[in-house]
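Colleague: Dropping in my_file.txt, which is compact mmCIF, C-alpha atoms (C1' of nucleotides):
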# COMPACT_ATOMS: atom_id res chain seq x y z
CA MET A 1 -102.87 100.36 142.14
CA ARG A 2 -102.54 100.44 138.37
CA ILE A 3 -99.76 102.36 136.62
CA ALA A 4 -99.69 102.71 132.84
CA THR A 5 -97.32 104.24 130.30
CA TRP A 6 -98.20 105.31 126.76
CA ASN A 7 -96.40 107.17 124.00
CA VAL A 8 -99.42 108.88 122.42
CA ASN A 9 -97.62 110.55 119.45
CA SER A 10 -99.40 113.91 119.90
CA ILE A 11 -101.86 114.32 122.78
CA LYS A 12 -104.13 116.52 120.69
CA GLN A 13 -104.51 113.84 118.02
CA ARG A 14 -105.12 111.13 120.62
CA LEU A 15 -107.63 112.69 123.03
CA GLU A 16 -110.48 110.36 122.06
CA HIS A 17 -108.27 107.29 122.36
CA LEU A 18 -107.03 108.52 125.72
CA ALA A 19 -110.60 108.81 126.98
CA THR A 20 -111.50 105.36 125.67
CA PHE A 21 -108.40 103.82 127.21
CA VAL A 22 -108.74 105.32 130.67
CA ARG A 23 -112.44 104.46 130.84
CA SER A 24 -111.71 100.80 130.13
CA ALA A 25 -108.38 100.35 131.94
CA GLU A 26 -108.92 102.84 134.77
CA PRO A 27 -105.24 103.39 135.62
CA ASP A 28 -104.51 105.24 138.85
CA VAL A 29 -101.45 106.77 137.26
CA LEU A 30 -100.87 107.24 133.53
CA CYS A 31 -97.51 108.40 132.20
CA LEU A 32 -97.61 109.91 128.71
CA GLN A 33 -94.85 110.63 126.21
CA GLU A 34 -94.58 112.56 122.95
CA LEU A 35 -97.20 115.15 123.79
CA LYS A 36 -95.82 117.32 120.96
CA CYS A 37 -97.20 120.51 122.49
CA MET A 38 -96.34 123.19 125.01
CA ASP A 39 -97.88 123.14 128.49
CA GLU A 40 -100.35 125.92 127.56
CA ALA A 41 -101.64 123.86 124.63
CA PHE A 42 -102.18 120.64 126.60
CA PRO A 43 -105.92 119.79 126.69
CA ARG A 44 -105.94 120.07 130.48
CA ALA A 45 -109.66 120.58 131.06
CA GLU A 46 -110.60 117.58 128.92
CA VAL A 47 -108.17 115.29 130.75
CA GLU A 48 -109.16 116.62 134.18
CA GLY A 49 -112.73 115.86 133.13
CA LEU A 50 -111.73 112.20 132.90
CA GLY A 51 -110.96 112.29 136.62
CA TYR A 52 -107.23 112.99 136.68
CA ASN A 53 -104.82 115.47 138.14
CA VAL A 54 -102.55 116.64 135.35
CA VAL A 55 -98.87 117.56 135.44
CA THR A 56 -97.14 118.30 132.15
CA HIS A 57 -93.63 119.03 130.96
CA GLY A 58 -94.08 120.02 127.35
CA GLN A 59 -92.29 121.76 124.52
CA LYS A 60 -93.27 122.96 121.09
CA ALA A 61 -93.72 120.30 118.36
CA TYR A 62 -91.45 117.64 119.83
CA ASN A 63 -91.10 115.45 122.90
CA GLY A 64 -93.14 116.37 125.98
CA VAL A 65 -94.15 114.14 128.89
CA ALA A 66 -97.02 114.14 131.38
CA ILE A 67 -98.26 112.29 134.43
CA LEU A 68 -102.00 111.90 135.01
CA SER A 69 -102.96 110.68 138.46
CA LYS A 70 -106.18 110.13 140.39
CA LYS A 71 -104.42 111.43 143.52
CA PRO A 72 -102.51 114.71 143.40
CA LEU A 73 -98.85 114.50 142.47
CA GLU A 74 -96.23 115.85 144.88
CA GLU A 75 -92.46 116.40 144.84
CA ILE A 76 -92.64 117.16 141.13
CA ARG A 77 -89.40 117.23 139.16
CA ARG A 78 -89.32 118.48 135.58
CA GLY A 79 -86.27 117.47 133.60
CA LEU A 80 -83.38 115.14 134.29
CA PRO A 81 -80.42 116.44 136.33
CA GLY A 82 -76.90 116.43 134.97
CA ASP A 83 -77.04 118.85 132.03
CA GLU A 84 -78.42 122.35 132.50
CA THR A 85 -78.14 123.00 128.75
CA ASP A 86 -80.53 120.16 127.82
CA GLU A 87 -83.82 121.79 126.82
CA GLN A 88 -85.64 118.71 125.58
CA ALA A 89 -88.73 117.80 127.64
CA ARG A 90 -88.19 114.11 128.26
CA TYR A 91 -88.43 113.52 132.02
CA LEU A 92 -91.09 114.14 134.64
CA GLU A 93 -91.25 112.67 138.13
CA GLY A 94 -93.58 112.86 141.09
CA VAL A 95 -94.95 111.11 144.16
CA VAL A 96 -98.48 109.94 144.81
CA SER A 97 -99.67 109.17 148.31
CA THR A 98 -101.79 106.09 148.82
CA ASP A 99 -104.76 105.55 151.12
CA ASP A 100 -102.68 103.65 153.66
CA GLY A 101 -100.09 106.42 153.87
CA ARG A 102 -97.49 104.86 151.61
CA VAL A 103 -95.89 106.68 148.74
CA LEU A 104 -95.31 105.62 145.19
CA ARG A 105 -92.77 107.49 143.10
CA VAL A 106 -93.31 107.52 139.34
CA ALA A 107 -91.34 108.91 136.41
CA SER A 108 -92.53 109.45 132.83
CA ILE A 109 -89.55 108.95 130.52
CA TYR A 110 -89.04 109.63 126.83
CA LEU A 111 -85.55 108.46 126.05
CA PRO A 112 -83.97 109.85 122.87
CA ASN A 113 -84.33 107.81 119.69
CA GLY A 114 -80.66 108.26 118.81
CA ASN A 115 -80.77 107.62 115.07
CA PRO A 116 -78.68 107.64 113.07
CA ILE A 117 -75.79 106.05 114.96
CA GLY A 118 -72.41 107.74 114.66
CA THR A 119 -73.98 111.19 114.95
CA PRO A 120 -74.51 113.62 117.86
CA LYS A 121 -78.04 112.21 118.16
CA PHE A 122 -76.66 108.84 119.18
CA ASP A 123 -74.17 110.45 121.58
CA TYR A 124 -77.08 112.36 123.12
CA LYS A 125 -79.01 109.12 123.60
CA LEU A 126 -76.11 107.48 125.41
CA SER A 127 -75.32 110.47 127.63
CA TRP A 128 -79.02 110.93 128.45
CA PHE A 129 -79.05 107.27 129.48
CA ASP A 130 -76.05 107.88 131.77
CA ARG A 131 -77.85 110.79 133.41
CA LEU A 132 -80.95 108.64 133.92
CA THR A 133 -78.89 105.86 135.49
CA ARG A 134 -77.14 108.31 137.83
CA HIS A 135 -80.49 109.79 138.87
CA ALA A 136 -82.07 106.36 139.33
CA GLU A 137 -79.18 105.39 141.57
CA GLY A 138 -80.13 108.23 143.90
CA LEU A 139 -83.83 107.38 143.81
CA LEU A 140 -83.15 103.76 144.71
CA THR A 141 -81.44 104.80 147.96
CA LEU A 142 -84.86 106.07 149.09
CA GLU A 143 -86.01 102.42 149.20
CA GLU A 144 -89.52 103.35 148.03
CA PRO A 145 -91.90 101.72 145.61
CA LEU A 146 -90.69 103.34 142.38
CA VAL A 147 -91.81 102.94 138.76
CA LEU A 148 -89.56 104.34 136.04
CA CYS A 149 -91.70 103.96 132.96
CA GLY A 150 -91.91 105.23 129.44
CA ASP A 151 -90.58 104.96 125.94
CA TYR A 152 -86.98 103.83 126.38
CA ASN A 153 -86.37 103.49 122.63
CA VAL A 154 -84.38 100.32 123.31
CA ILE A 155 -85.13 96.76 122.18
CA PRO A 156 -83.66 94.80 125.11
CA GLU A 157 -83.24 91.38 123.47
CA PRO A 158 -83.64 89.76 120.03
CA LYS A 159 -86.87 88.15 121.20
CA ASP A 160 -88.28 91.66 121.74
CA ALA A 161 -88.43 92.18 117.97
CA ALA A 162 -90.39 90.23 115.37
CA ASN A 163 -87.52 90.75 112.94
CA PRO A 164 -84.37 91.43 114.99
CA ASP A 165 -82.07 91.27 111.94
CA GLY A 166 -83.97 94.18 110.45
CA TRP A 167 -82.87 96.37 113.38
CA THR A 168 -79.15 95.80 112.97
CA GLY A 169 -77.41 99.15 112.90
CA ASP A 170 -80.41 100.96 114.35
CA ALA A 171 -79.93 103.02 117.52
CA LEU A 172 -82.79 101.10 119.19
CA PHE A 173 -80.92 97.81 118.92
CA GLN A 174 -77.28 98.92 119.01
CA PRO A 175 -75.16 96.97 121.52
CA GLU A 176 -74.28 100.27 123.29
CA SER A 177 -77.97 101.12 123.74
CA ARG A 178 -78.78 97.67 125.06
CA ALA A 179 -75.76 97.78 127.39
CA LYS A 180 -76.93 101.10 128.84
CA LEU A 181 -80.35 99.58 129.56
CA ARG A 182 -78.68 96.62 131.27
CA THR A 183 -76.54 98.99 133.36
CA LEU A 184 -79.70 100.76 134.48
CA THR A 185 -81.63 97.60 135.35
CA SER A 186 -78.55 96.17 137.07
CA LEU A 187 -79.00 98.80 139.76
CA GLY A 188 -81.84 96.57 140.95
CA LEU A 189 -84.74 97.44 138.69
CA THR A 190 -87.17 94.82 137.37
CA ASP A 191 -88.62 94.87 133.85
CA ALA A 192 -92.27 94.34 134.79
CA VAL A 193 -93.39 92.69 131.55
CA ARG A 194 -90.45 90.27 131.61
CA ALA A 195 -91.10 89.46 135.27
CA CYS A 196 -94.54 88.23 134.19
CA SER A 197 -93.64 86.50 130.92
CA ASP A 198 -90.50 85.30 129.13
CA GLY A 199 -92.42 84.60 125.93
CA GLU A 200 -91.84 85.96 122.46
CA GLY A 201 -94.15 88.22 120.50
CA LEU A 202 -94.63 90.85 123.20
CA TYR A 203 -94.46 94.19 121.38
CA THR A 204 -95.40 97.76 122.24
CA PHE A 205 -94.64 99.54 118.93
CA TRP A 206 -95.51 98.85 115.32
CA ASP A 207 -94.38 101.20 112.56
CA TYR A 208 -97.04 103.04 110.58
CA GLN A 209 -95.37 101.94 107.36
CA ALA A 210 -95.53 98.78 105.29
CA GLY A 211 -98.43 97.24 107.22
CA ALA A 212 -96.23 96.54 110.23
CA PHE A 213 -99.16 95.98 112.60
CA GLN A 214 -101.09 93.77 110.18
CA ARG A 215 -97.96 91.64 109.84
CA ASN A 216 -97.25 91.88 113.60
CA ASN A 217 -93.83 93.27 112.77
CA GLY A 218 -93.40 94.90 116.17
CA ILE A 219 -90.80 95.74 118.80
CA ARG A 220 -90.90 96.07 122.60
CA ILE A 221 -89.44 99.45 123.54
CA ASP A 222 -91.88 100.79 126.17
CA HIS A 223 -90.94 99.54 129.60
CA LEU A 224 -91.93 99.79 133.25
CA LEU A 225 -88.90 99.34 135.51
CA LEU A 226 -89.69 98.63 139.15
CA SER A 227 -87.65 99.19 142.30
CA PRO A 228 -87.43 96.16 144.63
CA GLN A 229 -90.16 97.65 146.83
CA ALA A 230 -92.46 97.90 143.79
CA ALA A 231 -91.41 94.56 142.26
CA ASP A 232 -92.28 92.80 145.53
CA ARG A 233 -95.85 93.97 145.00
CA LEU A 234 -96.14 93.25 141.28
CA ARG A 235 -99.37 91.40 140.48
CA THR A 236 -99.64 91.58 136.70
CA ALA A 237 -98.27 93.40 133.68
CA SER A 238 -100.14 93.80 130.41
CA ILE A 239 -99.64 95.26 126.96
CA ARG A 240 -102.80 96.80 125.48
CA LYS A 241 -102.18 95.61 121.95
CA GLU A 242 -105.78 96.13 120.81
CA VAL A 243 -105.29 99.91 121.02
CA ARG A 244 -102.99 99.74 117.97
CA GLY A 245 -105.97 98.43 115.96
CA TRP A 246 -108.15 101.46 116.67
CA ASP A 247 -108.81 104.12 114.03
CA LYS A 248 -105.91 106.61 113.67
CA PRO A 249 -103.84 105.11 116.49
CA SER A 250 -100.54 106.06 118.03
CA ASP A 251 -97.73 103.80 116.81
CA HIS A 252 -97.20 102.79 120.47
CA VAL A 253 -99.70 101.05 122.78
CA PRO A 254 -100.21 101.43 126.55
CA VAL A 255 -98.37 99.10 128.90
CA MET A 256 -99.71 98.65 132.41
CA VAL A 257 -98.83 97.10 135.75
CA ASP A 258 -101.05 96.20 138.66
CA LEU A 259 -99.27 96.64 142.00
CA ASP A 260 -100.51 95.31 145.33
CA ILE A 261 -100.58 98.80 146.82
CA ASP A 262 -103.79 100.58 147.78
C1' DA B 1 -85.47 101.44 101.80
C1' DT B 2 -83.63 106.43 97.52
C1' DG B 3 -88.52 105.26 104.34
C1' DG B 4 -93.96 102.72 101.62
C1' DC B 5 -96.93 106.54 107.39
C1' DT B 6 -97.97 110.33 110.80
C1' DT B 7 -97.30 114.71 113.04
C1' DT B 8 -95.58 119.30 113.46
C1' DC B 9 -94.51 124.05 111.95
C1' DT B 10 -94.31 131.84 111.44
C1' DA B 11 -96.20 125.09 106.85
C1' DC B 12 -97.37 124.65 101.06
C1' DG B 13 -91.92 120.91 101.77
C1' DA B 14 -88.90 119.44 105.46
C1' DA B 15 -87.70 117.31 109.68
C1' DA B 16 -88.35 113.80 113.05
C1' DG B 17 -89.83 109.64 114.52
C1' DA B 18 -88.32 104.27 115.17
Output the file's structure as structure tokens, nothing else.
Modeller:
Amino acid sequence: MRIATWNVNSIKQRLEHLATFVRSAEPDVLCLQELKCMDEAFPRAEVEGLGYNVVTHGQKAYNGVAILSKKPLEEIRRGLPGDETDEQARYLEGVVSTDDGRVLRVASIYLPNGNPIGTPKFDYKLSWFDRLTRHAEGLLTLEEPLVLCGDYNVIPEPKDAANPDGWTGDALFQPESRAKLRTLTSLGLTDAVRACSDGEGLYTFWDYQAGAFQRNNGIRIDHLLLSPQAADRLRTASIRKEVRGWDKPSDHVPVMVDLDID
DNA sequence: ATGGCTTTCTACGAAAGA
């Protein structure tokens, strides 16, 4: 079973790329972030035409997450618990049943950017992270194969940036942000890409500006975190870097895992 | 970076992204 995550930076602008990607990669589950549209405006028929069930959690202009799955999604949860006043569409979760009667739980996550630091935006990032960790703690007690994937907006380590010094003072590389990610993974979650490679130069985002992609000035901020039951079945993880070289791309590329689950 | 792109909106510049 293949599970992918991709921040598309507007689903309407990326429909052609989405079709090209799913036809070549054929993920069973695809988590999307930054739809930038309301549920009514999501190009549902086009995506269903690619062979997917579609569940969205959108909002106007900003944020928005979706899960596309070959099998229908059940036990759907829209939004992260812990703050009823939070109206930003950044979390969507569901369960897919497999042929052999197992279940796989998946969440599509768009963690706040948090810039600039020292403002309410950064506080929101950290408190959102706390809510995610609290929720993940509950999910892990289910002892299921679980994939918490998406755009975490955190560079975990210096080797996850081509130019780490350039990110000093940025919310994506602040010690507090990195510590929150460590607290989350310390619950027993495995960073799928890092479980497959400890090398440098593995990036999932390149800025649109200053020829960042041409200079390979990237960062790794899109992650798939696996519960022990999912990590035990991890076959491969891959970053689809070539997608960033397509015409009018998203600034993020898809990241995918292959799990030994039918 | 005094942000060099890209996207969005009751748009014609500003805000947000990372």
Colleague: Would you mind listing what lies within 8 Å of range 26-40 of chain A as JSON, numbers by chain, with only C-alpha atoms (C1' of nucleotides) counted and same-chain residues fewer than 3 positions away left out?
Modeller: {"A": [1, 2, 3, 4, 5, 6, 7, 8, 9, 10, 11, 12, 21, 22, 23, 56, 57, 58, 59, 60, 61, 62, 63, 64, 65, 66, 67, 68, 69, 70, 71, 90, 107, 108, 109, 110, 149, 150, 151, 256], "B": [8]}
Colleague: Please save C-alpha atoms (C1' of nucleotides) of the selected residues as a PDB file, in the coordinates of the input.
Modeller:
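As written to disk, out.pdb reads:
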ATOM      1  CA  MET A   1    -102.870 100.360 142.140  1.00  0.00           C
ATOM      2  CA  ARG A   2    -102.540 100.440 138.370  1.00  0.00           C
ATOM      3  CA  ILE A   3     -99.760 102.360 136.620  1.00  0.00           C
ATOM      4  CA  ALA A   4     -99.690 102.710 132.840  1.00  0.00           C
ATOM      5  CA  THR A   5     -97.320 104.240 130.300  1.00  0.00           C
ATOM      6  CA  TRP A   6     -98.200 105.310 126.760  1.00  0.00           C
ATOM      7  CA  ASN A   7     -96.400 107.170 124.000  1.00  0.00           C
ATOM      8  CA  VAL A   8     -99.420 108.880 122.420  1.00  0.00           C
ATOM      9  CA  ASN A   9     -97.620 110.550 119.450  1.00  0.00           C
ATOM     10  CA  SER A  10     -99.400 113.910 119.900  1.00  0.00           C
ATOM     11  CA  ILE A  11    -101.860 114.320 122.780  1.00  0.00           C
ATOM     12  CA  LYS A  12    -104.130 116.520 120.690  1.00  0.00           C
ATOM     13  CA  PHE A  21    -108.400 103.820 127.210  1.00  0.00           C
ATOM     14  CA  VAL A  22    -108.740 105.320 130.670  1.00  0.00           C
ATOM     15  CA  ARG A  23    -112.440 104.460 130.840  1.00  0.00           C
ATOM     16  CA  THR A  56     -97.140 118.300 132.150  1.00  0.00           C
ATOM     17  CA  HIS A  57     -93.630 119.030 130.960  1.00  0.00           C
ATOM     18  CA  GLY A  58     -94.080 120.020 127.350  1.00  0.00           C
ATOM     19  CA  GLN A  59     -92.290 121.760 124.520  1.00  0.00           C
ATOM     20  CA  LYS A  60     -93.270 122.960 121.090  1.00  0.00           C
ATOM     21  CA  ALA A  61     -93.720 120.300 118.360  1.00  0.00           C
ATOM     22  CA  TYR A  62     -91.450 117.640 119.830  1.00  0.00           C
ATOM     23  CA  ASN A  63     -91.100 115.450 122.900  1.00  0.00           C
ATOM     24  CA  GLY A  64     -93.140 116.370 125.980  1.00  0.00           C
ATOM     25  CA  VAL A  65     -94.150 114.140 128.890  1.00  0.00           C
ATOM     26  CA  ALA A  66     -97.020 114.140 131.380  1.00  0.00           C
ATOM     27  CA  ILE A  67     -98.260 112.290 134.430  1.00  0.00           C
ATOM     28  CA  LEU A  68    -102.000 111.900 135.010  1.00  0.00           C
ATOM     29  CA  SER A  69    -102.960 110.680 138.460  1.00  0.00           C
ATOM     30  CA  LYS A  70    -106.180 110.130 140.390  1.00  0.00           C
ATOM     31  CA  LYS A  71    -104.420 111.430 143.520  1.00  0.00           C
ATOM     32  CA  ARG A  90     -88.190 114.110 128.260  1.00  0.00           C
ATOM     33  CA  ALA A 107     -91.340 108.910 136.410  1.00  0.00           C
ATOM     34  CA  SER A 108     -92.530 109.450 132.830  1.00  0.00           C
ATOM     35  CA  ILE A 109     -89.550 108.950 130.520  1.00  0.00           C
ATOM     36  CA  TYR A 110     -89.040 109.630 126.830  1.00  0.00           C
ATOM     37  CA  CYS A 149     -91.700 103.960 132.960  1.00  0.00           C
ATOM     38  CA  GLY A 150     -91.910 105.230 129.440  1.00  0.00           C
ATOM     39  CA  ASP A 151     -90.580 104.960 125.940  1.00  0.00           C
ATOM     40  CA  MET A 256     -99.710  98.650 132.410  1.00  0.00           C
TER      41      MET A 256
ATOM     42  C1'  DT B   8     -95.580 119.300 113.460  1.00  0.00           C
TER      43       DT B   8
END
Colleague: For chain A, report every residue with an atom at most 6 Å from chain B (counting all atoms listed in the file), formatted as a ChimeraX atom specification.
Modeller: /A:61,208-210
Colleague: Give me the residues within 7 Å of range 195-207 of chain A as a count of residues only, counting only C-alpha atoms (C1' of nucleotides) and dropping any in the same chain fewer than 5 places off.
Modeller: 18
Colleague: What is the CA of Pro156 in chain A to CA of Trp246 in chain A distance in Å?
Modeller: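 It comes out at 26.7 Å.
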Colleague: Kindly give the distance, in Å, that separates CA of Thr119 in chain A and CA of Pro175 in chain A, rounded to a single decimal.
Modeller: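 If I compute the distance from CA of Thr119 in chain A to CA of Pro175 in chain A, I get 15.7 Å.
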Colleague: Measuring atom to atom with all atoms listed in the file, identify which of A:Leu181, A:Leu92, A:Val154, A:Val106 is nearest to Arg77 in chain A.
Modeller: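 Looking at the shortest contact to Arg77 in chain A, the residue is A:Leu92.
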Colleague: Which distance in Å separates CA of Gly82 in chain A and CA of Lys180 in chain A, to one decimal?
Modeller: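 Those two atoms sit 16.5 Å apart.
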Colleague: May I have the residues at most 12 Å from (-80.9, 118.0, 130.4) in the file's coordinates, counting all atoms listed in the file, as a PyMOL selection string?
Modeller: chain A and resi 78-92+111-112+124-125+127-132+135
Colleague: Could you pull range 88-121 of chain A out of the block above and give me N, CA and C atoms, as a PDB file, in the first residue's frame?
Modeller:
ATOM      1  N   GLN A  88      -9.121  27.355  11.406  1.00  0.00           N
ATOM      2  CA  GLN A  88      -8.251  27.090  10.267  1.00  0.00           C
ATOM      3  C   GLN A  88      -8.290  25.601   9.901  1.00  0.00           C
ATOM      4  N   ALA A  89      -8.470  25.327   8.601  1.00  0.00           N
ATOM      5  CA  ALA A  89      -8.631  23.956   8.107  1.00  0.00           C
ATOM      6  C   ALA A  89      -7.261  23.336   7.855  1.00  0.00           C
ATOM      7  N   ARG A  90      -6.759  22.660   8.879  1.00  0.00           N
ATOM      8  CA  ARG A  90      -5.389  22.141   8.819  1.00  0.00           C
ATOM      9  C   ARG A  90      -5.259  20.668   9.182  1.00  0.00           C
ATOM     10  N   TYR A  91      -6.365  20.004   9.491  1.00  0.00           N
ATOM     11  CA  TYR A  91      -6.261  18.604   9.932  1.00  0.00           C
ATOM     12  C   TYR A  91      -7.450  17.793   9.441  1.00  0.00           C
ATOM     13  N   LEU A  92      -7.152  16.655   8.852  1.00  0.00           N
ATOM     14  CA  LEU A  92      -8.183  15.731   8.386  1.00  0.00           C
ATOM     15  C   LEU A  92      -7.676  14.313   8.579  1.00  0.00           C
ATOM     16  N   GLU A  93      -8.549  13.456   9.138  1.00  0.00           N
ATOM     17  CA  GLU A  93      -8.130  12.094   9.482  1.00  0.00           C
ATOM     18  C   GLU A  93      -9.203  11.100   9.051  1.00  0.00           C
ATOM     19  N   GLY A  94      -8.779   9.905   8.695  1.00  0.00           N
ATOM     20  CA  GLY A  94      -9.735   8.870   8.370  1.00  0.00           C
ATOM     21  C   GLY A  94      -9.067   7.503   8.363  1.00  0.00           C
ATOM     22  N   VAL A  95      -9.915   6.474   8.152  1.00  0.00           N
ATOM     23  CA  VAL A  95      -9.454   5.094   8.181  1.00  0.00           C
ATOM     24  C   VAL A  95      -9.804   4.432   6.857  1.00  0.00           C
ATOM     25  N   VAL A  96      -8.831   3.731   6.277  1.00  0.00           N
ATOM     26  CA  VAL A  96      -9.134   2.916   5.105  1.00  0.00           C
ATOM     27  C   VAL A  96      -9.008   1.450   5.491  1.00  0.00           C
ATOM     28  N   SER A  97      -9.946   0.655   5.013  1.00  0.00           N
ATOM     29  CA  SER A  97      -9.886  -0.780   5.251  1.00  0.00           C
ATOM     30  C   SER A  97      -9.119  -1.437   4.112  1.00  0.00           C
ATOM     31  N   THR A  98      -8.343  -2.426   4.447  1.00  0.00           N
ATOM     32  CA  THR A  98      -7.553  -3.119   3.432  1.00  0.00           C
ATOM     33  C   THR A  98      -8.228  -4.425   3.056  1.00  0.00           C
ATOM     34  N   ASP A  99      -7.712  -5.064   1.990  1.00  0.00           N
ATOM     35  CA  ASP A  99      -8.334  -6.284   1.477  1.00  0.00           C
ATOM     36  C   ASP A  99      -8.361  -7.390   2.525  1.00  0.00           C
ATOM     37  N   ASP A 100      -7.285  -7.449   3.334  1.00  0.00           N
ATOM     38  CA  ASP A 100      -7.222  -8.538   4.321  1.00  0.00           C
ATOM     39  C   ASP A 100      -7.832  -8.129   5.665  1.00  0.00           C
ATOM     40  N   GLY A 101      -8.702  -7.101   5.637  1.00  0.00           N
ATOM     41  CA  GLY A 101      -9.463  -6.775   6.832  1.00  0.00           C
ATOM     42  C   GLY A 101      -8.733  -5.929   7.851  1.00  0.00           C
ATOM     43  N   ARG A 102      -7.531  -5.492   7.523  1.00  0.00           N
ATOM     44  CA  ARG A 102      -6.821  -4.598   8.440  1.00  0.00           C
ATOM     45  C   ARG A 102      -7.286  -3.169   8.214  1.00  0.00           C
ATOM     46  N   VAL A 103      -6.898  -2.303   9.108  1.00  0.00           N
ATOM     47  CA  VAL A 103      -7.198  -0.893   8.918  1.00  0.00           C
ATOM     48  C   VAL A 103      -5.905  -0.091   8.932  1.00  0.00           C
ATOM     49  N   LEU A 104      -5.940   0.958   8.169  1.00  0.00           N
ATOM     50  CA  LEU A 104      -4.840   1.918   8.176  1.00  0.00           C
ATOM     51  C   LEU A 104      -5.444   3.282   8.457  1.00  0.00           C
ATOM     52  N   ARG A 105      -4.939   3.946   9.487  1.00  0.00           N
ATOM     53  CA  ARG A 105      -5.422   5.286   9.811  1.00  0.00           C
ATOM     54  C   ARG A 105      -4.435   6.305   9.260  1.00  0.00           C
ATOM     55  N   VAL A 106      -4.986   7.340   8.620  1.00  0.00           N
ATOM     56  CA  VAL A 106      -4.150   8.348   7.960  1.00  0.00           C
ATOM     57  C   VAL A 106      -4.635   9.736   8.348  1.00  0.00           C
ATOM     58  N   ALA A 107      -3.692  10.659   8.543  1.00  0.00           N
ATOM     59  CA  ALA A 107      -4.061  12.059   8.756  1.00  0.00           C
ATOM     60  C   ALA A 107      -3.301  12.942   7.781  1.00  0.00           C
ATOM     61  N   SER A 108      -4.021  13.934   7.234  1.00  0.00           N
ATOM     62  CA  SER A 108      -3.419  14.956   6.375  1.00  0.00           C
ATOM     63  C   SER A 108      -3.264  16.232   7.200  1.00  0.00           C
ATOM     64  N   ILE A 109      -2.025  16.667   7.360  1.00  0.00           N
ATOM     65  CA  ILE A 109      -1.673  17.714   8.328  1.00  0.00           C
ATOM     66  C   ILE A 109      -1.040  18.908   7.625  1.00  0.00           C
ATOM     67  N   TYR A 110      -1.533  20.102   7.947  1.00  0.00           N
ATOM     68  CA  TYR A 110      -0.874  21.319   7.480  1.00  0.00           C
ATOM     69  C   TYR A 110      -0.568  22.186   8.690  1.00  0.00           C
ATOM     70  N   LEU A 111       0.604  21.978   9.239  1.00  0.00           N
ATOM     71  CA  LEU A 111       1.000  22.666  10.460  1.00  0.00           C
ATOM     72  C   LEU A 111       1.293  24.141  10.160  1.00  0.00           C
ATOM     73  N   PRO A 112       0.913  25.033  11.073  1.00  0.00           N
ATOM     74  CA  PRO A 112       1.117  26.463  10.802  1.00  0.00           C
ATOM     75  C   PRO A 112       2.581  26.808  10.530  1.00  0.00           C
ATOM     76  N   ASN A 113       2.774  27.781   9.654  1.00  0.00           N
ATOM     77  CA  ASN A 113       4.108  28.269   9.314  1.00  0.00           C
ATOM     78  C   ASN A 113       4.776  28.924  10.527  1.00  0.00           C
ATOM     79  N   GLY A 114       4.064  29.838  11.180  1.00  0.00           N
ATOM     80  CA  GLY A 114       4.555  30.408  12.428  1.00  0.00           C
ATOM     81  C   GLY A 114       5.429  31.639  12.329  1.00  0.00           C
ATOM     82  N   ASN A 115       5.705  32.108  11.114  1.00  0.00           N
ATOM     83  CA  ASN A 115       6.503  33.325  10.985  1.00  0.00           C
ATOM     84  C   ASN A 115       5.631  34.567  11.074  1.00  0.00           C
ATOM     85  N   PRO A 116       6.196  35.673  11.600  1.00  0.00           N
ATOM     86  CA  PRO A 116       7.521  35.738  12.217  1.00  0.00           C
ATOM     87  C   PRO A 116       7.493  35.295  13.682  1.00  0.00           C
ATOM     88  N   ILE A 117       8.652  34.854  14.181  1.00  0.00           N
ATOM     89  CA  ILE A 117       8.717  34.426  15.579  1.00  0.00           C
ATOM     90  C   ILE A 117       8.498  35.649  16.483  1.00  0.00           C
ATOM     91  N   GLY A 118       8.047  35.369  17.704  1.00  0.00           N
ATOM     92  CA  GLY A 118       7.767  36.456  18.639  1.00  0.00           C
ATOM     93  C   GLY A 118       6.437  37.129  18.401  1.00  0.00           C
ATOM     94  N   THR A 119       5.591  36.511  17.559  1.00  0.00           N
ATOM     95  CA  THR A 119       4.257  37.059  17.298  1.00  0.00           C
ATOM     96  C   THR A 119       3.217  35.991  17.617  1.00  0.00           C
ATOM     97  N   PRO A 120       1.935  36.361  17.635  1.00  0.00           N
ATOM     98  CA  PRO A 120       0.881  35.348  17.862  1.00  0.00           C
ATOM     99  C   PRO A 120       0.931  34.204  16.853  1.00  0.00           C
ATOM    100  N   LYS A 121       1.465  34.456  15.661  1.00  0.00           N
ATOM    101  CA  LYS A 121       1.551  33.378  14.669  1.00  0.00           C
ATOM    102  C   LYS A 121       2.465  32.257  15.150  1.00  0.00           C
TER     103      LYS A 121
END
